[in-house]
Amino acid sequence: MGRRLLMLGPPGAGKGTQASRLGRAIGIPHISTGDMLRAAVDAGTELGLRAQAIMEAGELVPGDLVTAMVISRLNEADAECGYLLDGYPRNSAQADALEAAFGERALEKVLLLEAPADALVERLVKRGSEVGRSDDIEAVIRNRLVVYEEETAPLVEFYESRNMLGRVDGLGTMDEVFFRLVEVLAG
Ligand code: AMP
């Protein structure tokens, strides 16, 4: 069994970009719940219809829906050789659900991408104008940051207390951040 990793960090820290590159570099699937949910919205599936307005408000989609989606994805053949989760678990209830499904072996290391709040807002506003993600407008961005602090940030302490956390400075060029991640993974 290969590496079982989680990329954690606030919206705008660069999780998606770095996780996609890191997954390719190590040869494990990058599993992003945000990407999966956006695909469900685009495809107009039942899950997508339920998730759309919630995502556009920057709130969390109900955990049982996301957990079911993640469990079925992790049971696919390519995840047998490891995976890099991005965006899940996003709160302690989801962390418990992941562990209930796969036990402690569900995750082996957590990479925390850190960046100051003003840099996050600036990056997300820029992405909104370039990529056109409907939740990258300033009012929604601010709400996503609040939701991160309230729901997701407590996971930092949770994984730190289990000695699973590696902190990585998310400021700098894409290459600089990538090599920091590689270094933390090797250590
Ligand atoms: P992301 O691409 O990770 O920033 O996720 C975009 C949006 O998808 C979030 O703001 C949430 O509305 C939803 N989402 C992604 N992952 C989860 C999750 N694990 N639990 C609940 N909602 C999620």
# chains A, B, ... in the order shown; residues from 1 in each chain; ligands from 1
>>> residues_near_ligand(ligand="ligand 1", cutoff="7 Å", atoms="only C-alpha atoms and all ligand atoms", output="list in words")
Pro11, Ser32, Thr33, Gly34, Asp35, Leu37, Ile54, Met55, Gly58, Glu59, Leu60, Val61, Pro62, Gly63, Val66, Asp86, Gly87, Tyr88, Pro89, Arg90 and Arg144 of chain A
>>> write_last_selection(atoms="N, CA and C atoms", output="PDB file, in the first residue's frame")
ATOM      1  N   PRO A  11      -8.912  27.895   2.072  1.00  0.00           N
ATOM      2  CA  PRO A  11      -9.166  28.153   0.659  1.00  0.00           C
ATOM      3  C   PRO A  11      -8.173  29.187   0.137  1.00  0.00           C
ATOM      4  N   SER A  32     -10.043  15.109  -5.014  1.00  0.00           N
ATOM      5  CA  SER A  32     -10.522  16.406  -4.527  1.00  0.00           C
ATOM      6  C   SER A  32     -12.041  16.375  -4.443  1.00  0.00           C
ATOM      7  N   THR A  33     -12.573  16.534  -3.237  1.00  0.00           N
ATOM      8  CA  THR A  33     -14.041  16.525  -3.105  1.00  0.00           C
ATOM      9  C   THR A  33     -14.642  17.759  -3.774  1.00  0.00           C
ATOM     10  N   GLY A  34     -13.919  18.897  -3.758  1.00  0.00           N
ATOM     11  CA  GLY A  34     -14.412  20.096  -4.441  1.00  0.00           C
ATOM     12  C   GLY A  34     -14.564  19.822  -5.941  1.00  0.00           C
ATOM     13  N   ASP A  35     -13.531  19.200  -6.549  1.00  0.00           N
ATOM     14  CA  ASP A  35     -13.595  18.874  -7.984  1.00  0.00           C
ATOM     15  C   ASP A  35     -14.731  17.895  -8.262  1.00  0.00           C
ATOM     16  N   LEU A  37     -17.466  17.424  -6.528  1.00  0.00           N
ATOM     17  CA  LEU A  37     -18.764  18.091  -6.367  1.00  0.00           C
ATOM     18  C   LEU A  37     -19.046  19.033  -7.530  1.00  0.00           C
ATOM     19  N   ILE A  54     -25.456  25.367  -1.969  1.00  0.00           N
ATOM     20  CA  ILE A  54     -24.623  25.354  -0.762  1.00  0.00           C
ATOM     21  C   ILE A  54     -23.194  25.779  -1.112  1.00  0.00           C
ATOM     22  N   MET A  55     -22.688  25.227  -2.217  1.00  0.00           N
ATOM     23  CA  MET A  55     -21.326  25.576  -2.638  1.00  0.00           C
ATOM     24  C   MET A  55     -21.241  27.045  -3.033  1.00  0.00           C
ATOM     25  N   GLY A  58     -20.690  29.117  -0.175  1.00  0.00           N
ATOM     26  CA  GLY A  58     -19.450  28.882   0.562  1.00  0.00           C
ATOM     27  C   GLY A  58     -19.649  28.089   1.839  1.00  0.00           C
ATOM     28  N   GLU A  59     -20.802  27.418   1.942  1.00  0.00           N
ATOM     29  CA  GLU A  59     -21.065  26.573   3.123  1.00  0.00           C
ATOM     30  C   GLU A  59     -20.630  25.137   2.827  1.00  0.00           C
ATOM     31  N   LEU A  60     -20.704  24.264   3.835  1.00  0.00           N
ATOM     32  CA  LEU A  60     -20.324  22.868   3.621  1.00  0.00           C
ATOM     33  C   LEU A  60     -21.537  22.043   3.188  1.00  0.00           C
ATOM     34  N   VAL A  61     -21.317  21.224   2.180  1.00  0.00           N
ATOM     35  CA  VAL A  61     -22.323  20.265   1.726  1.00  0.00           C
ATOM     36  C   VAL A  61     -22.511  19.239   2.858  1.00  0.00           C
ATOM     37  N   PRO A  62     -23.741  18.736   3.101  1.00  0.00           N
ATOM     38  CA  PRO A  62     -23.938  17.793   4.207  1.00  0.00           C
ATOM     39  C   PRO A  62     -22.920  16.639   4.182  1.00  0.00           C
ATOM     40  N   GLY A  63     -22.350  16.392   5.364  1.00  0.00           N
ATOM     41  CA  GLY A  63     -21.243  15.451   5.476  1.00  0.00           C
ATOM     42  C   GLY A  63     -21.564  14.048   5.007  1.00  0.00           C
ATOM     43  N   VAL A  66     -21.063  13.799   1.253  1.00  0.00           N
ATOM     44  CA  VAL A  66     -19.665  13.851   0.835  1.00  0.00           C
ATOM     45  C   VAL A  66     -18.942  12.572   1.272  1.00  0.00           C
ATOM     46  N   ASP A  86      -7.854  15.789  -0.923  1.00  0.00           N
ATOM     47  CA  ASP A  86      -7.819  17.257  -0.938  1.00  0.00           C
ATOM     48  C   ASP A  86      -9.250  17.729  -0.701  1.00  0.00           C
ATOM     49  N   GLY A  87      -9.486  18.334   0.473  1.00  0.00           N
ATOM     50  CA  GLY A  87     -10.824  18.857   0.760  1.00  0.00           C
ATOM     51  C   GLY A  87     -11.674  17.932   1.614  1.00  0.00           C
ATOM     52  N   TYR A  88     -11.129  16.787   1.981  1.00  0.00           N
ATOM     53  CA  TYR A  88     -11.859  15.840   2.837  1.00  0.00           C
ATOM     54  C   TYR A  88     -10.868  15.057   3.680  1.00  0.00           C
ATOM     55  N   PRO A  89     -11.032  14.898   4.976  1.00  0.00           N
ATOM     56  CA  PRO A  89     -12.105  15.457   5.800  1.00  0.00           C
ATOM     57  C   PRO A  89     -11.970  16.968   6.006  1.00  0.00           C
ATOM     58  N   ARG A  90     -13.114  17.617   6.176  1.00  0.00           N
ATOM     59  CA  ARG A  90     -13.155  19.065   6.316  1.00  0.00           C
ATOM     60  C   ARG A  90     -13.641  19.483   7.695  1.00  0.00           C
ATOM     61  N   ARG A 144     -16.139  31.464   3.171  1.00  0.00           N
ATOM     62  CA  ARG A 144     -15.377  30.210   3.134  1.00  0.00           C
ATOM     63  C   ARG A 144     -14.227  30.239   4.140  1.00  0.00           C
TER      64      ARG A 144
END
>>> residues_around(residues="Ala40 of chain A", least_positions_apart="4", cutoff="12 Å", atoms="only C-alpha atoms", output="PDB file with N, CA, C and O atoms, in the first residue's frame")
ATOM      1  N   THR A  33     -12.573  16.534  -3.237  1.00  0.00           N
ATOM      2  CA  THR A  33     -14.041  16.525  -3.105  1.00  0.00           C
ATOM      3  C   THR A  33     -14.642  17.759  -3.774  1.00  0.00           C
ATOM      4  O   THR A  33     -15.734  17.687  -4.334  1.00  0.00           O
ATOM      5  N   GLY A  34     -13.919  18.897  -3.758  1.00  0.00           N
ATOM      6  CA  GLY A  34     -14.412  20.096  -4.441  1.00  0.00           C
ATOM      7  C   GLY A  34     -14.564  19.822  -5.941  1.00  0.00           C
ATOM      8  O   GLY A  34     -15.592  20.134  -6.544  1.00  0.00           O
ATOM      9  N   ASP A  35     -13.531  19.200  -6.549  1.00  0.00           N
ATOM     10  CA  ASP A  35     -13.595  18.874  -7.984  1.00  0.00           C
ATOM     11  C   ASP A  35     -14.731  17.895  -8.262  1.00  0.00           C
ATOM     12  O   ASP A  35     -15.447  18.024  -9.257  1.00  0.00           O
ATOM     13  N   MET A  36     -14.872  16.890  -7.394  1.00  0.00           N
ATOM     14  CA  MET A  36     -15.925  15.885  -7.615  1.00  0.00           C
ATOM     15  C   MET A  36     -17.309  16.530  -7.518  1.00  0.00           C
ATOM     16  O   MET A  36     -18.205  16.234  -8.309  1.00  0.00           O
ATOM     17  N   GLY A  44     -25.277  17.785 -13.487  1.00  0.00           N
ATOM     18  CA  GLY A  44     -26.682  17.864 -13.095  1.00  0.00           C
ATOM     19  C   GLY A  44     -27.191  16.613 -12.395  1.00  0.00           C
ATOM     20  O   GLY A  44     -28.381  16.295 -12.471  1.00  0.00           O
ATOM     21  N   THR A  45     -26.307  15.884 -11.708  1.00  0.00           N
ATOM     22  CA  THR A  45     -26.747  14.697 -10.963  1.00  0.00           C
ATOM     23  C   THR A  45     -27.549  15.136  -9.741  1.00  0.00           C
ATOM     24  O   THR A  45     -27.555  16.316  -9.370  1.00  0.00           O
ATOM     25  N   GLU A  46     -28.166  14.162  -9.074  1.00  0.00           N
ATOM     26  CA  GLU A  46     -28.958  14.469  -7.892  1.00  0.00           C
ATOM     27  C   GLU A  46     -28.073  15.119  -6.817  1.00  0.00           C
ATOM     28  O   GLU A  46     -28.462  16.105  -6.186  1.00  0.00           O
ATOM     29  N   LEU A  47     -26.874  14.551  -6.635  1.00  0.00           N
ATOM     30  CA  LEU A  47     -25.923  15.126  -5.675  1.00  0.00           C
ATOM     31  C   LEU A  47     -25.584  16.566  -6.066  1.00  0.00           C
ATOM     32  O   LEU A  47     -25.568  17.468  -5.229  1.00  0.00           O
ATOM     33  N   GLY A  48     -25.333  16.771  -7.349  1.00  0.00           N
ATOM     34  CA  GLY A  48     -24.991  18.108  -7.841  1.00  0.00           C
ATOM     35  C   GLY A  48     -26.108  19.104  -7.578  1.00  0.00           C
ATOM     36  O   GLY A  48     -25.856  20.241  -7.169  1.00  0.00           O
ATOM     37  N   LEU A  49     -27.337  18.666  -7.809  1.00  0.00           N
ATOM     38  CA  LEU A  49     -28.485  19.559  -7.594  1.00  0.00           C
ATOM     39  C   LEU A  49     -28.598  19.942  -6.125  1.00  0.00           C
ATOM     40  O   LEU A  49     -28.912  21.081  -5.788  1.00  0.00           O
ATOM     41  N   ARG A  50     -28.289  18.983  -5.251  1.00  0.00           N
ATOM     42  CA  ARG A  50     -28.372  19.286  -3.811  1.00  0.00           C
ATOM     43  C   ARG A  50     -27.220  20.168  -3.364  1.00  0.00           C
ATOM     44  O   ARG A  50     -27.346  20.945  -2.424  1.00  0.00           O
ATOM     45  N   ALA A  51     -26.068  20.021  -4.015  1.00  0.00           N
ATOM     46  CA  ALA A  51     -24.858  20.707  -3.543  1.00  0.00           C
ATOM     47  C   ALA A  51     -24.724  22.135  -4.071  1.00  0.00           C
ATOM     48  O   ALA A  51     -24.092  22.982  -3.426  1.00  0.00           O
ATOM     49  N   GLN A  52     -25.299  22.408  -5.227  1.00  0.00           N
ATOM     50  CA  GLN A  52     -24.975  23.648  -5.950  1.00  0.00           C
ATOM     51  C   GLN A  52     -25.136  24.926  -5.125  1.00  0.00           C
ATOM     52  O   GLN A  52     -24.192  25.705  -4.983  1.00  0.00           O
ATOM     53  N   MET A  55     -22.688  25.227  -2.217  1.00  0.00           N
ATOM     54  CA  MET A  55     -21.326  25.576  -2.638  1.00  0.00           C
ATOM     55  C   MET A  55     -21.241  27.045  -3.033  1.00  0.00           C
ATOM     56  O   MET A  55     -20.263  27.724  -2.725  1.00  0.00           O
ATOM     57  N   LEU A  65     -23.415  13.071   2.586  1.00  0.00           N
ATOM     58  CA  LEU A  65     -23.341  12.995   1.123  1.00  0.00           C
ATOM     59  C   LEU A  65     -21.889  12.923   0.656  1.00  0.00           C
ATOM     60  O   LEU A  65     -21.527  12.113  -0.205  1.00  0.00           O
ATOM     61  N   VAL A  66     -21.063  13.799   1.253  1.00  0.00           N
ATOM     62  CA  VAL A  66     -19.665  13.851   0.835  1.00  0.00           C
ATOM     63  C   VAL A  66     -18.942  12.572   1.272  1.00  0.00           C
ATOM     64  O   VAL A  66     -18.132  12.008   0.521  1.00  0.00           O
ATOM     65  N   MET A  69     -19.645   9.749  -1.052  1.00  0.00           N
ATOM     66  CA  MET A  69     -18.925   9.960  -2.312  1.00  0.00           C
ATOM     67  C   MET A  69     -17.443   9.567  -2.163  1.00  0.00           C
ATOM     68  O   MET A  69     -16.870   8.888  -3.017  1.00  0.00           O
TER      69      MET A  69
END
>>> select_by_dssp(residues="chain A", states="strand (DSSP E)", output="tab-separated table (two decimals) with N, CA, C and O atoms, in the first residue's frame")
chain	number	residue	atom	x	y	z
A	4	ARG	N	-0.83	7.38	1.93
A	4	ARG	CA	-2.22	7.83	2.14
A	4	ARG	C	-2.14	9.20	2.79
A	4	ARG	O	-1.86	9.33	3.98
A	5	LEU	N	-2.38	10.23	1.96
A	5	LEU	CA	-2.07	11.59	2.37
A	5	LEU	C	-3.31	12.48	2.33
A	5	LEU	O	-4.25	12.23	1.57
A	6	LEU	N	-3.24	13.54	3.14
A	6	LEU	CA	-4.27	14.58	3.11
A	6	LEU	C	-3.58	15.92	2.95
A	6	LEU	O	-2.62	16.22	3.65
A	7	MET	N	-4.10	16.73	2.02
A	7	MET	CA	-3.65	18.12	1.88
A	7	MET	C	-4.67	18.99	2.58
A	7	MET	O	-5.84	19.03	2.20
A	8	LEU	N	-4.19	19.68	3.62
A	8	LEU	CA	-5.08	20.51	4.43
A	8	LEU	C	-4.64	21.97	4.27
A	8	LEU	O	-3.46	22.25	4.03
A	30	HIS	N	-5.07	11.94	-7.07
A	30	HIS	CA	-5.44	13.16	-6.33
A	30	HIS	C	-6.96	13.15	-6.26
A	30	HIS	O	-7.64	13.21	-7.28
A	31	ILE	N	-7.49	13.06	-5.05
A	31	ILE	CA	-8.94	12.96	-4.88
A	31	ILE	C	-9.44	14.23	-4.21
A	31	ILE	O	-9.25	14.44	-3.01
A	32	SER	N	-10.04	15.11	-5.01
A	32	SER	CA	-10.52	16.41	-4.53
A	32	SER	C	-12.04	16.38	-4.44
A	32	SER	O	-12.72	16.23	-5.47
A	83	TYR	N	-3.33	7.37	-2.04
A	83	TYR	CA	-4.11	8.50	-2.55
A	83	TYR	C	-3.72	9.77	-1.84
A	83	TYR	O	-3.11	9.73	-0.76
A	84	LEU	N	-4.05	10.88	-2.48
A	84	LEU	CA	-3.85	12.18	-1.87
A	84	LEU	C	-5.21	12.86	-1.80
A	84	LEU	O	-5.76	13.29	-2.82
A	85	LEU	N	-5.77	12.91	-0.60
A	85	LEU	CA	-7.08	13.56	-0.41
A	85	LEU	C	-6.90	15.07	-0.33
A	85	LEU	O	-5.94	15.57	0.27
A	86	ASP	N	-7.85	15.79	-0.92
A	86	ASP	CA	-7.82	17.26	-0.94
A	86	ASP	C	-9.25	17.73	-0.70
A	86	ASP	O	-10.13	17.49	-1.52
A	109	LYS	N	-0.26	10.65	6.71
A	109	LYS	CA	0.41	11.95	6.87
A	109	LYS	C	-0.49	13.08	6.36
A	109	LYS	O	-1.21	12.90	5.37
A	110	VAL	N	-0.44	14.21	7.04
A	110	VAL	CA	-1.26	15.37	6.67
A	110	VAL	C	-0.33	16.54	6.37
A	110	VAL	O	0.52	16.90	7.18
A	111	LEU	N	-0.49	17.11	5.18
A	111	LEU	CA	0.32	18.26	4.78
A	111	LEU	C	-0.52	19.52	4.94
A	111	LEU	O	-1.58	19.63	4.33
A	112	LEU	N	-0.06	20.44	5.77
A	112	LEU	CA	-0.82	21.68	5.99
A	112	LEU	C	-0.16	22.82	5.22
A	112	LEU	O	0.97	23.19	5.50
A	113	LEU	N	-0.89	23.35	4.22
A	113	LEU	CA	-0.39	24.49	3.45
A	113	LEU	C	-0.85	25.77	4.13
A	113	LEU	O	-2.05	26.01	4.26
A	114	GLU	N	0.09	26.59	4.55
A	114	GLU	CA	-0.26	27.79	5.31
A	114	GLU	C	0.01	29.06	4.52
A	114	GLU	O	1.00	29.15	3.80
A	165	LEU	N	1.18	15.63	11.34
A	165	LEU	CA	1.10	16.89	10.61
A	165	LEU	C	2.46	17.40	10.15
A	165	LEU	O	3.41	17.43	10.92
A	166	GLY	N	2.54	17.82	8.89
A	166	GLY	CA	3.72	18.52	8.38
A	166	GLY	C	3.27	19.89	7.89
A	166	GLY	O	2.35	19.99	7.09
A	167	ARG	N	3.90	20.95	8.42
A	167	ARG	CA	3.51	22.31	8.01
A	167	ARG	C	4.37	22.79	6.85
A	167	ARG	O	5.59	22.63	6.88
A	168	VAL	N	3.73	23.41	5.86
A	168	VAL	CA	4.45	23.89	4.69
A	168	VAL	C	4.02	25.33	4.40
A	168	VAL	O	2.82	25.61	4.34
A	169	ASP	N	5.00	26.20	4.22
A	169	ASP	CA	4.72	27.60	3.88
A	169	ASP	C	4.20	27.66	2.44
A	169	ASP	O	4.88	27.26	1.50
>>> select_by_dssp(residues="segment 123-185 of chain A", states="helix (DSSP H, G or I)", output="number ranges by chain")
A: 123-131, 138-152, 154-161, 174-185
>>> closest_residue(among="A:Asp118, A:Glu183, A:Glu108, A:Asp96", to="Leu155 of chain A", atoms="only C-alpha atoms")
A:Asp96
>>> decode(residues="segment 36-64 of chain A", atoms="N, CA and C atoms", output="mmCIF file, in the first residue's frame")
data_model
loop_
_atom_site.group_PDB
_atom_site.id
_atom_site.type_symbol
_atom_site.label_atom_id
_atom_site.label_comp_id
_atom_site.auth_asym_id
_atom_site.auth_seq_id
_atom_site.Cartn_x
_atom_site.Cartn_y
_atom_site.Cartn_z
ATOM 1 N N MET A 36 -14.872 16.890 -7.394
ATOM 2 C CA MET A 36 -15.925 15.885 -7.615
ATOM 3 C C MET A 36 -17.309 16.530 -7.518
ATOM 4 N N LEU A 37 -17.466 17.424 -6.528
ATOM 5 C CA LEU A 37 -18.764 18.091 -6.367
ATOM 6 C C LEU A 37 -19.046 19.033 -7.530
ATOM 7 N N ARG A 38 -18.013 19.750 -7.990
ATOM 8 C CA ARG A 38 -18.216 20.647 -9.148
ATOM 9 C C ARG A 38 -18.587 19.835 -10.384
ATOM 10 N N ALA A 39 -17.991 18.648 -10.536
ATOM 11 C CA ALA A 39 -18.341 17.780 -11.675
ATOM 12 C C ALA A 39 -19.791 17.314 -11.554
ATOM 13 N N ALA A 40 -20.222 17.028 -10.334
ATOM 14 C CA ALA A 40 -21.611 16.589 -10.124
ATOM 15 C C ALA A 40 -22.586 17.724 -10.439
ATOM 16 N N VAL A 41 -22.201 18.953 -10.072
ATOM 17 C CA VAL A 41 -23.040 20.118 -10.391
ATOM 18 C C VAL A 41 -23.133 20.277 -11.911
ATOM 19 N N ASP A 42 -21.962 20.199 -12.604
ATOM 20 C CA ASP A 42 -21.948 20.365 -14.068
ATOM 21 C C ASP A 42 -22.768 19.285 -14.757
ATOM 22 N N ALA A 43 -22.718 18.057 -14.197
ATOM 23 C CA ALA A 43 -23.430 16.936 -14.823
ATOM 24 C C ALA A 43 -24.919 16.949 -14.453
ATOM 25 N N GLY A 44 -25.277 17.785 -13.487
ATOM 26 C CA GLY A 44 -26.682 17.864 -13.095
ATOM 27 C C GLY A 44 -27.191 16.613 -12.395
ATOM 28 N N THR A 45 -26.307 15.884 -11.708
ATOM 29 C CA THR A 45 -26.747 14.697 -10.963
ATOM 30 C C THR A 45 -27.549 15.136 -9.741
ATOM 31 N N GLU A 46 -28.166 14.162 -9.074
ATOM 32 C CA GLU A 46 -28.958 14.469 -7.892
ATOM 33 C C GLU A 46 -28.073 15.119 -6.817
ATOM 34 N N LEU A 47 -26.874 14.551 -6.635
ATOM 35 C CA LEU A 47 -25.923 15.126 -5.675
ATOM 36 C C LEU A 47 -25.584 16.566 -6.066
ATOM 37 N N GLY A 48 -25.333 16.771 -7.349
ATOM 38 C CA GLY A 48 -24.991 18.108 -7.841
ATOM 39 C C GLY A 48 -26.108 19.104 -7.578
ATOM 40 N N LEU A 49 -27.337 18.666 -7.809
ATOM 41 C CA LEU A 49 -28.485 19.559 -7.594
ATOM 42 C C LEU A 49 -28.598 19.942 -6.125
ATOM 43 N N ARG A 50 -28.289 18.983 -5.251
ATOM 44 C CA ARG A 50 -28.372 19.286 -3.811
ATOM 45 C C ARG A 50 -27.220 20.168 -3.364
ATOM 46 N N ALA A 51 -26.068 20.021 -4.015
ATOM 47 C CA ALA A 51 -24.858 20.707 -3.543
ATOM 48 C C ALA A 51 -24.724 22.135 -4.071
ATOM 49 N N GLN A 52 -25.299 22.408 -5.227
ATOM 50 C CA GLN A 52 -24.975 23.648 -5.950
ATOM 51 C C GLN A 52 -25.136 24.926 -5.125
ATOM 52 N N ALA A 53 -26.330 25.143 -4.562
ATOM 53 C CA ALA A 53 -26.576 26.401 -3.848
ATOM 54 C C ALA A 53 -25.698 26.510 -2.603
ATOM 55 N N ILE A 54 -25.456 25.367 -1.969
ATOM 56 C CA ILE A 54 -24.623 25.354 -0.762
ATOM 57 C C ILE A 54 -23.194 25.779 -1.112
ATOM 58 N N MET A 55 -22.688 25.227 -2.217
ATOM 59 C CA MET A 55 -21.326 25.576 -2.638
ATOM 60 C C MET A 55 -21.241 27.045 -3.033
ATOM 61 N N GLU A 56 -22.272 27.538 -3.709
ATOM 62 C CA GLU A 56 -22.246 28.935 -4.143
ATOM 63 C C GLU A 56 -22.301 29.889 -2.956
ATOM 64 N N ALA A 57 -22.789 29.411 -1.806
ATOM 65 C CA ALA A 57 -22.813 30.238 -0.602
ATOM 66 C C ALA A 57 -21.543 30.055 0.226
ATOM 67 N N GLY A 58 -20.690 29.117 -0.175
ATOM 68 C CA GLY A 58 -19.450 28.882 0.562
ATOM 69 C C GLY A 58 -19.649 28.089 1.839
ATOM 70 N N GLU A 59 -20.802 27.418 1.942
ATOM 71 C CA GLU A 59 -21.065 26.573 3.123
ATOM 72 C C GLU A 59 -20.630 25.137 2.827
ATOM 73 N N LEU A 60 -20.704 24.264 3.835
ATOM 74 C CA LEU A 60 -20.324 22.868 3.621
ATOM 75 C C LEU A 60 -21.537 22.043 3.188
ATOM 76 N N VAL A 61 -21.317 21.224 2.180
ATOM 77 C CA VAL A 61 -22.323 20.265 1.726
ATOM 78 C C VAL A 61 -22.511 19.239 2.858
ATOM 79 N N PRO A 62 -23.741 18.736 3.101
ATOM 80 C CA PRO A 62 -23.938 17.793 4.207
ATOM 81 C C PRO A 62 -22.920 16.639 4.182
ATOM 82 N N GLY A 63 -22.350 16.392 5.364
ATOM 83 C CA GLY A 63 -21.243 15.451 5.476
ATOM 84 C C GLY A 63 -21.564 14.048 5.007
ATOM 85 N N ASP A 64 -22.807 13.577 5.243
ATOM 86 C CA ASP A 64 -23.106 12.197 4.845
ATOM 87 C C ASP A 64 -23.033 12.031 3.334
#
